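Peer 1: Have a look at the structure that comes next, please.
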Amino acid sequence: MDMIKFLVTRPYDTVLVFLMKHKEKSTYSYVNISRGHICPCEFASINDAISDMDRLKEEGKIIRYEVMS
């Protein structure tokens, strides 16, 4: 799987975010489609990226997220 789509609810908005694999690397980054922003963070795996989203949820920066089909 090279891409996962999320609906992310933050305290101030809700955005559509893709977790995408880099074309020439084996790392993943988040792409905020709603804001036109590519996160500079790179993750070694999908699990690492989702763990980071869980961390943001614990910190209150994300209220919730759900995987979209």
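How things are named: the first chain in the structure tokens is A, the next is B, and so on; residues count from 1 in each chain; ligands count from 1 in the order shown.
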Excluding Lys21 in chain A and residues on its chain fewer than 4 positions from it, collect all residues at most 12 Å away from it, counting only C-alpha atoms, and give them as number ranges by chain.

Peer 2: A: 1-4, 25-31, 38, 41-46, 49

Peer 1: So that I have them on file, write out the residues from the current selection with N, CA and C atoms, as a PDB file, in the first residue's frame.

Peer 2:
```pdb
ATOM      1  N   MET A   1       0.844  -1.174   0.000  1.00  0.00           N
ATOM      2  CA  MET A   1       0.000   0.000   0.000  1.00  0.00           C
ATOM      3  C   MET A   1       0.890   1.239   0.000  1.00  0.00           C
ATOM      4  N   ASP A   2       0.685   2.121  -0.966  1.00  0.00           N
ATOM      5  CA  ASP A   2       1.511   3.321  -1.072  1.00  0.00           C
ATOM      6  C   ASP A   2       0.798   4.588  -0.612  1.00  0.00           C
ATOM      7  N   MET A   3      -0.494   4.480  -0.248  1.00  0.00           N
ATOM      8  CA  MET A   3      -1.232   5.671   0.155  1.00  0.00           C
ATOM      9  C   MET A   3      -2.408   5.282   1.048  1.00  0.00           C
ATOM     10  N   ILE A   4      -2.625   6.076   2.099  1.00  0.00           N
ATOM     11  CA  ILE A   4      -3.786   5.937   2.972  1.00  0.00           C
ATOM     12  C   ILE A   4      -4.410   7.316   3.101  1.00  0.00           C
ATOM     13  N   LYS A  25      12.122   7.128  -2.539  1.00  0.00           N
ATOM     14  CA  LYS A  25      12.610   6.721  -1.224  1.00  0.00           C
ATOM     15  C   LYS A  25      11.660   5.655  -0.678  1.00  0.00           C
ATOM     16  N   SER A  26      12.036   5.069   0.402  1.00  0.00           N
ATOM     17  CA  SER A  26      11.122   4.114   1.033  1.00  0.00           C
ATOM     18  C   SER A  26      10.549   4.707   2.319  1.00  0.00           C
ATOM     19  N   THR A  27      10.340   6.029   2.318  1.00  0.00           N
ATOM     20  CA  THR A  27       9.759   6.715   3.470  1.00  0.00           C
ATOM     21  C   THR A  27       8.376   7.243   3.101  1.00  0.00           C
ATOM     22  N   TYR A  28       7.638   7.661   4.151  1.00  0.00           N
ATOM     23  CA  TYR A  28       6.280   8.165   3.989  1.00  0.00           C
ATOM     24  C   TYR A  28       6.172   9.574   4.561  1.00  0.00           C
ATOM     25  N   SER A  29       5.295  10.383   3.972  1.00  0.00           N
ATOM     26  CA  SER A  29       4.996  11.719   4.481  1.00  0.00           C
ATOM     27  C   SER A  29       3.504  11.977   4.380  1.00  0.00           C
ATOM     28  N   TYR A  30       3.034  12.890   5.235  1.00  0.00           N
ATOM     29  CA  TYR A  30       1.642  13.319   5.170  1.00  0.00           C
ATOM     30  C   TYR A  30       1.508  14.464   4.172  1.00  0.00           C
ATOM     31  N   VAL A  31       0.418  14.437   3.408  1.00  0.00           N
ATOM     32  CA  VAL A  31       0.095  15.508   2.475  1.00  0.00           C
ATOM     33  C   VAL A  31      -1.305  15.992   2.839  1.00  0.00           C
ATOM     34  N   ILE A  38       2.645  19.787   2.192  1.00  0.00           N
ATOM     35  CA  ILE A  38       3.352  18.530   2.366  1.00  0.00           C
ATOM     36  C   ILE A  38       4.168  18.642   3.647  1.00  0.00           C
ATOM     37  N   CYS A  41       8.058  16.085   7.590  1.00  0.00           N
ATOM     38  CA  CYS A  41       8.378  14.871   8.349  1.00  0.00           C
ATOM     39  C   CYS A  41       8.412  13.664   7.422  1.00  0.00           C
ATOM     40  N   GLU A  42       9.343  12.771   7.660  1.00  0.00           N
ATOM     41  CA  GLU A  42       9.404  11.517   6.919  1.00  0.00           C
ATOM     42  C   GLU A  42       9.415  10.373   7.924  1.00  0.00           C
ATOM     43  N   PHE A  43       8.673   9.327   7.604  1.00  0.00           N
ATOM     44  CA  PHE A  43       8.536   8.186   8.488  1.00  0.00           C
ATOM     45  C   PHE A  43       9.017   6.925   7.776  1.00  0.00           C
ATOM     46  N   ALA A  44       9.667   6.049   8.513  1.00  0.00           N
ATOM     47  CA  ALA A  44      10.225   4.828   7.926  1.00  0.00           C
ATOM     48  C   ALA A  44       9.141   3.826   7.541  1.00  0.00           C
ATOM     49  N   SER A  45       7.977   3.918   8.180  1.00  0.00           N
ATOM     50  CA  SER A  45       6.913   2.966   7.896  1.00  0.00           C
ATOM     51  C   SER A  45       5.552   3.616   8.117  1.00  0.00           C
ATOM     52  N   ILE A  46       4.520   2.945   7.639  1.00  0.00           N
ATOM     53  CA  ILE A  46       3.142   3.404   7.877  1.00  0.00           C
ATOM     54  C   ILE A  46       2.862   3.402   9.374  1.00  0.00           C
ATOM     55  N   ALA A  49       4.258   6.433  11.056  1.00  0.00           N
ATOM     56  CA  ALA A  49       3.469   7.631  10.741  1.00  0.00           C
ATOM     57  C   ALA A  49       2.189   7.669  11.557  1.00  0.00           C
TER      58      ALA A  49
END
```

Peer 1: For the structure I just gave you, how does DSSP split chain A - specifically, which residues are alpha helix (DSSP H)? Reply as a list in words.

Peer 2: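 Residues meeting the alpha helix (DSSP H) criterion: Ile46, Asn47, Asp48, Ala49, Ile50, Ser51, Asp52, Met53, Asp54, Arg55, Leu56, Lys57 and Glu58 of chain A.
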
Peer 1: For those residues, write N, CA and C atoms to a file as a short mmCIF file (atom, residue, chain, number, x, y, z; two decimals), in the first residue's frame.

Peer 2:
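Dumped to again_9.cif:
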```cif
data_model
loop_
_atom_site.label_atom_id
_atom_site.label_comp_id
_atom_site.auth_asym_id
_atom_site.auth_seq_id
_atom_site.Cartn_x
_atom_site.Cartn_y
_atom_site.Cartn_z
N ILE A 46 4.52 2.94 7.64
CA ILE A 46 3.14 3.40 7.88
C ILE A 46 2.86 3.40 9.37
N ASN A 47 3.31 2.36 10.06
CA ASN A 47 3.08 2.29 11.51
C ASN A 47 3.74 3.44 12.25
N ASP A 48 4.94 3.84 11.85
CA ASP A 48 5.61 4.99 12.46
C ASP A 48 4.80 6.27 12.25
N ALA A 49 4.26 6.43 11.06
CA ALA A 49 3.47 7.63 10.74
C ALA A 49 2.19 7.67 11.56
N ILE A 50 1.52 6.54 11.68
CA ILE A 50 0.28 6.49 12.45
C ILE A 50 0.58 6.69 13.94
N SER A 51 1.69 6.17 14.42
CA SER A 51 2.10 6.41 15.81
C SER A 51 2.31 7.90 16.07
N ASP A 52 2.84 8.61 15.08
CA ASP A 52 3.02 10.05 15.22
C ASP A 52 1.66 10.75 15.30
N MET A 53 0.69 10.29 14.51
CA MET A 53 -0.64 10.88 14.57
C MET A 53 -1.28 10.60 15.93
N ASP A 54 -1.05 9.40 16.47
CA ASP A 54 -1.54 9.08 17.81
C ASP A 54 -0.90 10.00 18.86
N ARG A 55 0.38 10.30 18.70
CA ARG A 55 1.07 11.22 19.61
C ARG A 55 0.42 12.60 19.57
N LEU A 56 0.13 13.07 18.35
CA LEU A 56 -0.52 14.38 18.20
C LEU A 56 -1.91 14.38 18.83
N LYS A 57 -2.58 13.25 18.76
CA LYS A 57 -3.90 13.12 19.39
C LYS A 57 -3.76 13.21 20.91
N GLU A 58 -2.77 12.52 21.47
CA GLU A 58 -2.52 12.58 22.91
C GLU A 58 -2.18 14.00 23.37
#
```

Peer 1: Report as a CSV table (one decimal) with C-alpha atoms, in the first residue's frame: the residues of range 3-60 of chain A with a DSSP assignment of strand (DSSP E or B), based on the backbone of this structure.

Peer 2:
```csv
chain,number,residue,atom,x,y,z
A,3,MET,CA,-1.2,5.7,0.2
A,4,ILE,CA,-3.8,5.9,3.0
A,5,LYS,CA,-6.4,8.6,3.1
A,6,PHE,CA,-7.5,10.1,6.5
A,7,LEU,CA,-10.1,12.6,7.6
A,8,VAL,CA,-8.5,14.5,10.5
A,9,THR,CA,-10.4,16.6,13.0
A,14,THR,CA,-11.2,19.2,9.7
A,15,VAL,CA,-8.9,18.3,6.8
A,16,LEU,CA,-8.3,15.6,4.3
A,17,VAL,CA,-4.8,14.1,4.7
A,18,PHE,CA,-3.0,11.5,2.6
A,19,LEU,CA,-0.1,9.4,3.9
A,20,MET,CA,2.0,8.8,0.8
A,21,LYS,CA,5.1,6.9,0.0
A,28,TYR,CA,6.3,8.2,4.0
A,29,SER,CA,5.0,11.7,4.5
A,30,TYR,CA,1.6,13.3,5.2
A,31,VAL,CA,0.1,15.5,2.5
A,32,ASN,CA,-2.7,17.8,3.7
A,37,HIS,CA,0.8,21.3,2.4
A,38,ILE,CA,3.4,18.5,2.4
A,43,PHE,CA,8.5,8.2,8.5
```

Peer 1: Interatomic distance between CA of Asp13 in chain A and CA of Ser69 in chain A?

Peer 2: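 CA of Ser69 in chain A lies at a distance of 20.7 Å from CA of Asp13 in chain A.
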